[in-house]
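What follows is the content of coords_3.pdb, which has PDB, C-alpha atoms, pLDDT in the B column:
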```pdb
ATOM      1  CA  MET Q   1     -14.557  13.627  19.886  1.00 66.00           C
ATOM      2  CA  GLY Q   2     -16.572  10.972  18.101  1.00 92.00           C
ATOM      3  CA  ALA Q   3     -16.265   8.089  15.685  1.00 96.00           C
ATOM      4  CA  TRP Q   4     -14.664   8.611  12.297  1.00 96.00           C
ATOM      5  CA  ALA Q   5     -13.906   6.427   9.330  1.00 98.00           C
ATOM      6  CA  ARG Q   6     -12.214   7.213   6.023  1.00 98.00           C
ATOM      7  CA  LEU Q   7     -11.455   5.399   2.839  1.00 98.00           C
ATOM      8  CA  GLU Q   8      -8.165   6.297   1.171  1.00 98.00           C
ATOM      9  CA  SER Q   9      -7.489   5.467  -2.455  1.00 98.00           C
ATOM     10  CA  THR Q  10      -3.773   6.343  -2.132  1.00 97.00           C
ATOM     11  CA  ALA Q  11      -1.080   5.692   0.483  1.00 98.00           C
ATOM     12  CA  PHE Q  12      -1.691   7.288   3.874  1.00 98.00           C
ATOM     13  CA  SER Q  13       0.573   7.891   6.867  1.00 98.00           C
ATOM     14  CA  PRO Q  14      -0.613   6.133  10.029  1.00 98.00           C
ATOM     15  CA  GLU Q  15       1.816   8.310  12.005  1.00 98.00           C
ATOM     16  CA  ARG Q  16       0.228  11.547  10.765  1.00 98.00           C
ATOM     17  CA  GLU Q  17      -3.270  10.189  11.286  1.00 98.00           C
ATOM     18  CA  LEU Q  18      -2.441   9.091  14.817  1.00 97.00           C
ATOM     19  CA  ALA Q  19      -0.800  12.419  15.666  1.00 96.00           C
ATOM     20  CA  ARG Q  20      -3.953  14.247  14.573  1.00 96.00           C
ATOM     21  CA  PHE Q  21      -6.159  11.758  16.454  1.00 97.00           C
ATOM     22  CA  ARG Q  22      -4.109  12.283  19.630  1.00 94.00           C
ATOM     23  CA  GLU Q  23      -4.401  16.055  19.287  1.00 92.00           C
ATOM     24  CA  ASP Q  24      -8.162  15.707  19.023  1.00 91.00           C
ATOM     25  CA  ALA Q  25      -8.137  13.311  21.987  1.00 86.00           C
ATOM     26  CA  ALA Q  26      -6.199  15.712  24.202  1.00 78.00           C
ATOM     27  CA  ASN Q  27      -8.193  14.790  27.301  1.00 86.00           C
ATOM     28  CA  ALA Q  28      -8.025  11.007  26.917  1.00 93.00           C
ATOM     29  CA  GLY Q  29      -5.837   9.139  29.383  1.00 94.00           C
ATOM     30  CA  ALA Q  30      -5.345   6.242  26.987  1.00 97.00           C
ATOM     31  CA  VAL Q  31      -4.844   6.046  23.216  1.00 97.00           C
ATOM     32  CA  ALA Q  32      -4.313   2.655  21.553  1.00 98.00           C
ATOM     33  CA  SER Q  33      -3.848   1.835  17.869  1.00 98.00           C
ATOM     34  CA  PHE Q  34      -3.178  -0.916  15.323  1.00 98.00           C
ATOM     35  CA  VAL Q  35      -1.746  -0.735  11.802  1.00 98.00           C
ATOM     36  CA  GLY Q  36      -2.339  -3.564   9.316  1.00 98.00           C
ATOM     37  CA  VAL Q  37       0.411  -3.771   6.707  1.00 98.00           C
ATOM     38  CA  ALA Q  38       0.251  -5.409   3.269  1.00 97.00           C
ATOM     39  CA  ARG Q  39       2.304  -8.605   3.384  1.00 96.00           C
ATOM     40  CA  ALA Q  40       4.891  -9.563   0.790  1.00 96.00           C
ATOM     41  CA  ARG Q  41       3.826 -13.243   0.851  1.00 94.00           C
ATOM     42  CA  THR Q  42       0.531 -15.092   0.619  1.00 92.00           C
ATOM     43  CA  ARG Q  43      -0.558 -17.502   3.362  1.00 88.00           C
ATOM     44  CA  SER Q  44       1.067 -20.320   1.427  1.00 89.00           C
ATOM     45  CA  GLY Q  45       4.335 -18.396   1.065  1.00 93.00           C
ATOM     46  CA  GLU Q  46       4.028 -17.202  -2.551  1.00 93.00           C
ATOM     47  CA  PRO Q  47       5.376 -13.710  -3.345  1.00 96.00           C
ATOM     48  CA  VAL Q  48       2.823 -10.879  -3.610  1.00 97.00           C
ATOM     49  CA  THR Q  49       3.654  -7.967  -5.913  1.00 97.00           C
ATOM     50  CA  ARG Q  50       0.430  -6.053  -5.293  1.00 97.00           C
ATOM     51  CA  LEU Q  51      -2.740  -6.198  -3.247  1.00 97.00           C
ATOM     52  CA  PHE Q  52      -5.981  -4.932  -4.804  1.00 98.00           C
ATOM     53  CA  LEU Q  53      -8.835  -3.902  -2.492  1.00 98.00           C
ATOM     54  CA  ASP Q  54     -12.171  -3.738  -4.299  1.00 98.00           C
ATOM     55  CA  HIS Q  55     -14.937  -1.750  -2.583  1.00 98.00           C
ATOM     56  CA  HIS Q  56     -18.537  -0.551  -2.982  1.00 97.00           C
ATOM     57  CA  PRO Q  57     -18.936   3.141  -3.911  1.00 95.00           C
ATOM     58  CA  ARG Q  58     -21.170   3.853  -0.878  1.00 97.00           C
ATOM     59  CA  LEU Q  59     -21.639   0.799   1.347  1.00 97.00           C
ATOM     60  CA  THR Q  60     -17.957   0.257   2.131  1.00 98.00           C
ATOM     61  CA  LEU Q  61     -17.541   3.604   3.876  1.00 98.00           C
ATOM     62  CA  THR Q  62     -20.843   3.024   5.674  1.00 97.00           C
ATOM     63  CA  SER Q  63     -19.544  -0.327   6.957  1.00 98.00           C
ATOM     64  CA  LEU Q  64     -16.419   1.388   8.340  1.00 98.00           C
ATOM     65  CA  GLU Q  65     -18.463   4.141   9.976  1.00 98.00           C
ATOM     66  CA  GLU Q  66     -20.725   1.581  11.635  1.00 98.00           C
ATOM     67  CA  ILE Q  67     -17.773  -0.334  13.068  1.00 98.00           C
ATOM     68  CA  ALA Q  68     -16.172   2.823  14.470  1.00 98.00           C
ATOM     69  CA  ALA Q  69     -19.487   3.993  15.923  1.00 98.00           C
ATOM     70  CA  ASP Q  70     -20.186   0.565  17.463  1.00 98.00           C
ATOM     71  CA  ALA Q  71     -16.739   0.555  19.082  1.00 98.00           C
ATOM     72  CA  ALA Q  72     -17.176   4.083  20.450  1.00 97.00           C
ATOM     73  CA  GLN Q  73     -20.497   3.133  21.993  1.00 97.00           C
ATOM     74  CA  ARG Q  74     -19.543  -0.328  23.269  1.00 97.00           C
ATOM     75  CA  PHE Q  75     -16.347   0.816  24.997  1.00 97.00           C
ATOM     76  CA  ALA Q  76     -17.522   4.313  25.962  1.00 96.00           C
ATOM     77  CA  LEU Q  77     -14.672   5.819  23.956  1.00 96.00           C
ATOM     78  CA  GLY Q  78     -13.683   9.435  23.782  1.00 96.00           C
ATOM     79  CA  GLY Q  79     -12.917   8.772  20.105  1.00 96.00           C
ATOM     80  CA  ALA Q  80     -12.597   6.041  17.493  1.00 98.00           C
ATOM     81  CA  LEU Q  81     -10.853   6.236  14.123  1.00 98.00           C
ATOM     82  CA  ILE Q  82     -10.616   3.838  11.180  1.00 98.00           C
ATOM     83  CA  VAL Q  83      -8.632   4.678   8.056  1.00 98.00           C
ATOM     84  CA  HIS Q  84      -8.715   1.961   5.385  1.00 98.00           C
ATOM     85  CA  ARG Q  85      -7.123   1.756   1.946  1.00 98.00           C
ATOM     86  CA  CYS Q  86      -8.921   0.807  -1.219  1.00 98.00           C
ATOM     87  CA  GLY Q  87      -7.472   0.195  -4.673  1.00 98.00           C
ATOM     88  CA  GLU Q  88      -3.899  -0.963  -5.221  1.00 98.00           C
ATOM     89  CA  VAL Q  89      -1.604  -1.414  -2.237  1.00 98.00           C
ATOM     90  CA  VAL Q  90       2.091  -2.293  -2.448  1.00 97.00           C
ATOM     91  CA  PRO Q  91       3.574  -4.803   0.062  1.00 97.00           C
ATOM     92  CA  GLY Q  92       4.900  -2.922   3.080  1.00 98.00           C
ATOM     93  CA  GLU Q  93       2.295  -0.172   2.815  1.00 98.00           C
ATOM     94  CA  PRO Q  94      -0.335   0.291   5.528  1.00 98.00           C
ATOM     95  CA  ILE Q  95      -3.766  -1.105   4.662  1.00 98.00           C
ATOM     96  CA  VAL Q  96      -5.667  -0.070   7.775  1.00 98.00           C
ATOM     97  CA  LEU Q  97      -5.329   2.022  10.919  1.00 98.00           C
ATOM     98  CA  ALA Q  98      -7.669   1.524  13.881  1.00 98.00           C
ATOM     99  CA  ALA Q  99      -7.304   3.841  16.892  1.00 98.00           C
ATOM    100  CA  ALA Q 100      -9.244   4.350  20.110  1.00 98.00           C
ATOM    101  CA  ALA Q 101      -9.122   7.006  22.820  1.00 98.00           C
ATOM    102  CA  ALA Q 102     -10.549   6.274  26.255  1.00 97.00           C
ATOM    103  CA  ALA Q 103     -10.271   7.326  29.867  1.00 96.00           C
ATOM    104  CA  HIS Q 104      -8.332   4.144  30.728  1.00 95.00           C
ATOM    105  CA  ARG Q 105      -6.205   1.618  28.883  1.00 97.00           C
ATOM    106  CA  ARG Q 106      -8.408  -1.490  29.072  1.00 97.00           C
ATOM    107  CA  ALA Q 107     -11.191   0.076  27.005  1.00 97.00           C
ATOM    108  CA  ALA Q 108      -8.705   1.522  24.495  1.00 98.00           C
ATOM    109  CA  PHE Q 109      -6.898  -1.827  23.972  1.00 98.00           C
ATOM    110  CA  GLU Q 110     -10.119  -3.815  23.690  1.00 98.00           C
ATOM    111  CA  ALA Q 111     -11.760  -1.318  21.347  1.00 98.00           C
ATOM    112  CA  VAL Q 112      -8.888  -1.580  18.856  1.00 98.00           C
ATOM    113  CA  ASP Q 113      -8.970  -5.390  19.066  1.00 98.00           C
ATOM    114  CA  TYR Q 114     -12.751  -5.289  18.558  1.00 98.00           C
ATOM    115  CA  MET Q 115     -12.530  -2.924  15.590  1.00 98.00           C
ATOM    116  CA  MET Q 116     -10.005  -5.168  13.841  1.00 97.00           C
ATOM    117  CA  ASP Q 117     -12.112  -8.305  14.373  1.00 96.00           C
ATOM    118  CA  ARG Q 118     -15.164  -6.438  13.071  1.00 97.00           C
ATOM    119  CA  LEU Q 119     -13.185  -5.115  10.095  1.00 97.00           C
ATOM    120  CA  LYS Q 120     -12.129  -8.648   9.160  1.00 95.00           C
ATOM    121  CA  SER Q 121     -15.723  -9.870   9.050  1.00 94.00           C
ATOM    122  CA  ASP Q 122     -17.940  -6.883   8.341  1.00 95.00           C
ATOM    123  CA  ALA Q 123     -15.964  -4.310   6.332  1.00 97.00           C
ATOM    124  CA  LEU Q 124     -17.075  -4.408   2.696  1.00 97.00           C
ATOM    125  CA  PHE Q 125     -13.822  -5.050   0.858  1.00 98.00           C
ATOM    126  CA  TRP Q 126     -12.700  -7.770  -1.488  1.00 98.00           C
ATOM    127  CA  LYS Q 127      -8.964  -8.416  -1.479  1.00 97.00           C
ATOM    128  CA  ARG Q 128      -7.051  -9.824  -4.390  1.00 97.00           C
ATOM    129  CA  GLU Q 129      -3.408 -10.864  -4.103  1.00 97.00           C
ATOM    130  CA  ASP Q 130      -1.425 -10.447  -7.325  1.00 97.00           C
ATOM    131  CA  GLY Q 131       1.919 -12.163  -7.832  1.00 96.00           C
ATOM    132  CA  PRO Q 132       4.146 -13.795 -10.452  1.00 95.00           C
ATOM    133  CA  GLY Q 133       2.109 -16.991 -10.099  1.00 90.00           C
ATOM    134  CA  GLY Q 134      -1.192 -15.228 -10.803  1.00 94.00           C
ATOM    135  CA  SER Q 135      -4.005 -13.504  -8.881  1.00 96.00           C
ATOM    136  CA  GLU Q 136      -6.240 -14.852  -6.193  1.00 95.00           C
ATOM    137  CA  TRP Q 137      -9.283 -13.423  -4.413  1.00 96.00           C
ATOM    138  CA  ILE Q 138      -8.995 -13.893  -0.647  1.00 95.00           C
ATOM    139  CA  GLU Q 139     -11.679 -15.854   1.185  1.00 90.00           C
ATOM    140  CA  PRO Q 140     -12.692 -15.141   4.788  1.00 87.00           C
ATOM    141  CA  THR Q 141     -11.111 -17.589   7.225  1.00 85.00           C
ATOM    142  CA  GLU Q 142     -12.535 -19.720  10.007  1.00 85.00           C
ATOM    143  CA  ARG Q 143     -10.140 -17.902  12.333  1.00 86.00           C
ATOM    144  CA  ASP Q 144     -11.720 -14.544  11.453  1.00 86.00           C
ATOM    145  CA  ARG Q 145     -15.174 -15.967  12.097  1.00 85.00           C
ATOM    146  CA  GLN Q 146     -14.116 -17.306  15.491  1.00 86.00           C
ATOM    147  CA  ASP Q 147     -12.410 -14.057  16.411  1.00 88.00           C
ATOM    148  CA  LEU Q 148     -15.689 -12.238  15.907  1.00 88.00           C
ATOM    149  CA  LEU Q 149     -17.436 -14.652  18.298  1.00 87.00           C
ATOM    150  CA  ARG Q 150     -15.160 -13.409  21.087  1.00 89.00           C
ATOM    151  CA  TRP Q 151     -17.267 -10.262  21.193  1.00 91.00           C
ATOM    152  CA  SER Q 152     -20.668 -11.946  21.327  1.00 87.00           C
ATOM    153  CA  ALA Q 153     -20.824 -12.210  25.115  1.00 67.00           C
ATOM    154  CA  PRO Q 154     -22.513  -9.258  26.828  1.00 59.00           C
ATOM    155  CA  CYS Q 155     -20.117  -6.516  27.979  1.00 59.00           C
ATOM    156  CA  PRO Q 156     -19.196  -6.640  31.624  1.00 60.00           C
ATOM    157  CA  GLU Q 157     -20.569  -3.590  33.454  1.00 57.00           C
TER     158      GLU Q 157
ATOM    159  CA  MET T   1     -31.903  -2.663 -14.450  1.00 91.00           C
ATOM    160  CA  LYS T   2     -28.374  -2.029 -13.278  1.00 94.00           C
ATOM    161  CA  ILE T   3     -26.383  -4.843 -11.667  1.00 97.00           C
ATOM    162  CA  LEU T   4     -23.222  -3.969  -9.696  1.00 98.00           C
ATOM    163  CA  LEU T   5     -20.706  -6.716  -8.978  1.00 98.00           C
ATOM    164  CA  PHE T   6     -17.608  -6.879  -6.777  1.00 98.00           C
ATOM    165  CA  GLY T   7     -14.559  -9.000  -6.152  1.00 97.00           C
ATOM    166  CA  LYS T   8     -14.376 -12.271  -8.047  1.00 96.00           C
ATOM    167  CA  LEU T   9     -17.873 -11.800  -9.502  1.00 96.00           C
ATOM    168  CA  ALA T  10     -16.849  -8.486 -11.075  1.00 97.00           C
ATOM    169  CA  GLU T  11     -13.772 -10.118 -12.566  1.00 95.00           C
ATOM    170  CA  SER T  12     -15.897 -12.859 -14.143  1.00 94.00           C
ATOM    171  CA  LEU T  13     -18.981 -10.904 -15.218  1.00 95.00           C
ATOM    172  CA  GLY T  14     -17.909  -7.247 -15.233  1.00 95.00           C
ATOM    173  CA  ARG T  15     -18.321  -4.391 -12.739  1.00 97.00           C
ATOM    174  CA  GLU T  16     -21.640  -3.214 -14.086  1.00 97.00           C
ATOM    175  CA  LEU T  17     -24.269  -4.984 -16.175  1.00 95.00           C
ATOM    176  CA  GLU T  18     -27.381  -3.534 -17.710  1.00 92.00           C
ATOM    177  CA  LEU T  19     -30.044  -6.233 -17.809  1.00 90.00           C
ATOM    178  CA  ASP T  20     -33.185  -5.874 -19.870  1.00 86.00           C
ATOM    179  CA  ILE T  21     -35.710  -8.069 -18.086  1.00 83.00           C
ATOM    180  CA  ALA T  22     -39.371  -8.068 -18.954  1.00 78.00           C
ATOM    181  CA  GLY T  23     -41.781  -8.394 -16.053  1.00 75.00           C
ATOM    182  CA  ALA T  24     -41.165  -8.945 -12.353  1.00 77.00           C
ATOM    183  CA  CYS T  25     -37.819 -10.343 -11.363  1.00 93.00           C
ATOM    184  CA  THR T  26     -36.833 -11.536  -7.922  1.00 96.00           C
ATOM    185  CA  ILE T  27     -33.324 -11.640  -6.494  1.00 97.00           C
ATOM    186  CA  ALA T  28     -33.459 -15.431  -6.902  1.00 96.00           C
ATOM    187  CA  ASP T  29     -34.350 -14.979 -10.584  1.00 95.00           C
ATOM    188  CA  LEU T  30     -31.437 -12.574 -11.048  1.00 96.00           C
ATOM    189  CA  ARG T  31     -28.950 -15.056  -9.593  1.00 96.00           C
ATOM    190  CA  LEU T  32     -30.122 -17.623 -12.131  1.00 95.00           C
ATOM    191  CA  GLU T  33     -29.947 -15.119 -14.983  1.00 94.00           C
ATOM    192  CA  LEU T  34     -26.375 -14.109 -14.119  1.00 95.00           C
ATOM    193  CA  ALA T  35     -25.382 -17.767 -13.788  1.00 95.00           C
ATOM    194  CA  ARG T  36     -26.859 -18.336 -17.241  1.00 94.00           C
ATOM    195  CA  LEU T  37     -24.623 -15.545 -18.619  1.00 93.00           C
ATOM    196  CA  HIS T  38     -21.531 -17.084 -17.027  1.00 94.00           C
ATOM    197  CA  PRO T  39     -22.085 -20.670 -15.829  1.00 96.00           C
ATOM    198  CA  PRO T  40     -18.682 -21.044 -14.084  1.00 96.00           C
ATOM    199  CA  SER T  41     -19.816 -18.263 -11.694  1.00 96.00           C
ATOM    200  CA  ALA T  42     -22.939 -20.146 -10.600  1.00 96.00           C
ATOM    201  CA  PRO T  43     -21.466 -21.373  -7.256  1.00 96.00           C
ATOM    202  CA  ASP T  44     -20.273 -17.825  -6.452  1.00 96.00           C
ATOM    203  CA  LEU T  45     -23.733 -16.423  -7.230  1.00 96.00           C
ATOM    204  CA  ALA T  46     -25.518 -18.717  -4.752  1.00 96.00           C
ATOM    205  CA  ALA T  47     -27.429 -17.064  -1.905  1.00 95.00           C
ATOM    206  CA  SER T  48     -25.052 -18.707   0.575  1.00 94.00           C
ATOM    207  CA  ARG T  49     -22.078 -16.979  -1.079  1.00 95.00           C
ATOM    208  CA  ALA T  50     -23.207 -13.594  -2.390  1.00 97.00           C
ATOM    209  CA  ARG T  51     -25.437 -11.181  -0.493  1.00 97.00           C
ATOM    210  CA  ALA T  52     -27.876  -9.175  -2.592  1.00 97.00           C
ATOM    211  CA  CYS T  53     -28.713  -5.492  -2.182  1.00 97.00           C
ATOM    212  CA  ILE T  54     -31.450  -3.470  -3.855  1.00 97.00           C
ATOM    213  CA  ASN T  55     -30.589   0.246  -3.860  1.00 97.00           C
ATOM    214  CA  ASP T  56     -27.993  -0.214  -1.094  1.00 96.00           C
ATOM    215  CA  ALA T  57     -30.245  -2.229   1.235  1.00 96.00           C
ATOM    216  CA  ILE T  58     -29.786  -5.963   1.828  1.00 96.00           C
ATOM    217  CA  ALA T  59     -32.574  -7.818   0.018  1.00 96.00           C
ATOM    218  CA  SER T  60     -34.031 -11.277   0.580  1.00 96.00           C
ATOM    219  CA  GLU T  61     -34.406 -13.793  -2.204  1.00 96.00           C
ATOM    220  CA  ASP T  62     -38.075 -13.147  -2.860  1.00 96.00           C
ATOM    221  CA  ARG T  63     -37.745  -9.361  -3.136  1.00 96.00           C
ATOM    222  CA  VAL T  64     -38.776  -8.088  -6.546  1.00 95.00           C
ATOM    223  CA  ALA T  65     -36.393  -5.788  -8.419  1.00 94.00           C
ATOM    224  CA  GLY T  66     -37.736  -3.159 -10.805  1.00 91.00           C
ATOM    225  CA  PRO T  67     -36.206  -1.691 -13.993  1.00 90.00           C
ATOM    226  CA  ALA T  68     -35.062   1.473 -12.168  1.00 91.00           C
ATOM    227  CA  ASP T  69     -33.406  -0.399  -9.285  1.00 94.00           C
ATOM    228  CA  GLU T  70     -29.700  -0.909  -8.735  1.00 95.00           C
ATOM    229  CA  ILE T  71     -28.911  -4.436  -7.598  1.00 97.00           C
ATOM    230  CA  ALA T  72     -25.553  -5.307  -6.068  1.00 98.00           C
ATOM    231  CA  PHE T  73     -24.154  -8.787  -5.384  1.00 97.00           C
ATOM    232  CA  LEU T  74     -21.535  -8.855  -2.617  1.00 97.00           C
ATOM    233  CA  PRO T  75     -19.231 -11.904  -2.347  1.00 97.00           C
ATOM    234  CA  PRO T  76     -17.769 -13.000   1.025  1.00 95.00           C
ATOM    235  CA  VAL T  77     -15.692 -10.063   2.327  1.00 95.00           C
ATOM    236  CA  SER T  78     -11.963  -9.941   3.030  1.00 93.00           C
ATOM    237  CA  GLY T  79     -11.125  -6.522   4.430  1.00 90.00           C
ATOM    238  CA  GLY T  80      -9.276  -5.357   7.491  1.00 88.00           C
TER     239      GLY T  80
END
```
Whole structure, structure tokens version:
Amino acid sequence: MGAWARLESTAFSPERELARFREDAANAGAVASFVGVARARTRSGEPVTRLFLDHHPRLTLTSLEEIAADAAQRFALGGALIVHRCGEVVPGEPIVLAAAAAAHRRAAFEAVDYMMDRLKSDALFWKREDGPGGSEWIEPTERDRQDLLRWSAPCPE
Amino acid sequence: MKILLFGKLAESLGRELELDIAGACTIADLRLELARLHPPSAPDLAASRARACINDAIASEDRVAGPADEIAFLPPVSGG
């Protein structure tokens, strides 16, 4: 196995992706995953009719590949997978899948948590929420910044 | 030289701009030039807000961009 990342410009099935990942990870004792889903409301409770994810033609995929590779190395994974949407996403649709395969569960759980925190801060996307009240570009939050700091301490051996 | 913009900057200034600049031009100069084209975007073009890339590599403010270079300005990200 290895570390993989893909950008999808149309809807993808996290279930199908995970099934394929698990097949490839046949020897792993632990497989963990997370799916991020487009919300129907903004943080302040306004309705969202569509999410738009802007991206860079080359650097966005590179940023995803780096995060998956970093996770695979840091947690000694058998495999790491990131699938991330770009373009228009409808509320209820998956935006991102992060999955990790490891010998044991601790590494698999932590790797997925790590990949999501990294994705929030380092993945090159720009999200716009569109609704009846207008459109708004999302800003990174203090919470996201703090979440990333969780991983700054050296890894325990 | 080609300027690529993303997110809110692209909405304000366009996805791609072709700038005809005579002589040497640093990243800092380019920020000022883009702010001149669209003054309301000036805060979003600041070095503290938008990272600059020259040909897909992060560039510091004093790096000089040439006529054949592609410069990208990346606003604060919101992926994941």
Can you give me, as a tab-separated table (two decimals) with C-alpha atoms, keeping the file's coordinate frame, the residues this file yields under the PyMOL selection byres ((chain T and resi 31) around 10)?
```
chain	number	residue	atom	x	y	z
T	26	THR	CA	-36.83	-11.54	-7.92
T	27	ILE	CA	-33.32	-11.64	-6.49
T	28	ALA	CA	-33.46	-15.43	-6.90
T	29	ASP	CA	-34.35	-14.98	-10.58
T	30	LEU	CA	-31.44	-12.57	-11.05
T	32	LEU	CA	-30.12	-17.62	-12.13
T	33	GLU	CA	-29.95	-15.12	-14.98
T	34	LEU	CA	-26.38	-14.11	-14.12
T	35	ALA	CA	-25.38	-17.77	-13.79
T	36	ARG	CA	-26.86	-18.34	-17.24
T	41	SER	CA	-19.82	-18.26	-11.69
T	42	ALA	CA	-22.94	-20.15	-10.60
T	44	ASP	CA	-20.27	-17.82	-6.45
T	45	LEU	CA	-23.73	-16.42	-7.23
T	46	ALA	CA	-25.52	-18.72	-4.75
T	47	ALA	CA	-27.43	-17.06	-1.90
T	50	ALA	CA	-23.21	-13.59	-2.39
T	52	ALA	CA	-27.88	-9.18	-2.59
T	61	GLU	CA	-34.41	-13.79	-2.20
T	73	PHE	CA	-24.15	-8.79	-5.38
```
May I have the residues of chain T within 8 Å of chain Q, counting all atoms listed in the file, written as JSON, numbers by chain? {"T": [6, 7, 8, 56, 75, 76, 77, 78, 79, 80]}
**Prompt:** Mind telling me what the PyMOL selection byres ((chain T and resi 70) around 8) catches here, as a ChimeraX atom specification?
**Reply:** /T:1-4,54-56,68-69,71-72
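CA of Ala3 (chain Q) lies 8.6 Å from CA of Gly78 (chain Q).
One distance worth recording is that between CA of Leu7 (chain Q) and CA of Ala111 (chain Q), which is 19.7 Å.
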Computed gap from CA of Gly87 (chain Q) to CA of Ala59 (chain T) is 26.8 Å
Residues at most 12 Å from Ala103 (chain Q), counting all atoms listed in the file, excluding those fewer than 4 positions away in the same chain, as a CSV table (one decimal) with C-alpha atoms, keeping the file's coordinate frame?
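As written to disk, around_24.csv reads:
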```
chain,number,residue,atom,x,y,z
Q,25,ALA,CA,-8.1,13.3,22.0
Q,26,ALA,CA,-6.2,15.7,24.2
Q,27,ASN,CA,-8.2,14.8,27.3
Q,28,ALA,CA,-8.0,11.0,26.9
Q,29,GLY,CA,-5.8,9.1,29.4
Q,30,ALA,CA,-5.3,6.2,27.0
Q,31,VAL,CA,-4.8,6.0,23.2
Q,32,ALA,CA,-4.3,2.7,21.6
Q,75,PHE,CA,-16.3,0.8,25.0
Q,76,ALA,CA,-17.5,4.3,26.0
Q,77,LEU,CA,-14.7,5.8,24.0
Q,78,GLY,CA,-13.7,9.4,23.8
Q,79,GLY,CA,-12.9,8.8,20.1
Q,107,ALA,CA,-11.2,0.1,27.0
Q,108,ALA,CA,-8.7,1.5,24.5
Q,109,PHE,CA,-6.9,-1.8,24.0
```
Worksheet item: Once the PyMOL selection byres ((chain Q and resi 21) around 9) has been applied to the shown file, what residues remain in the selection, as a ChimeraX atom specification?
Response: /Q:16-20,22-26,31,79-81,99-101
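Nearest-residue note for Ser48 (chain T): choosing from T:Ile21, T:Ala65, T:Leu74, T:Ala10, the minimum distance belongs to T:Leu74, counting only C-alpha atoms.
The residue that comes closest to Val90 (chain Q), out of Q:Leu149, Q:Ala71, Q:Ala102, Q:Ala11 and on the basis of all atoms listed in the file, is Q:Ala11.
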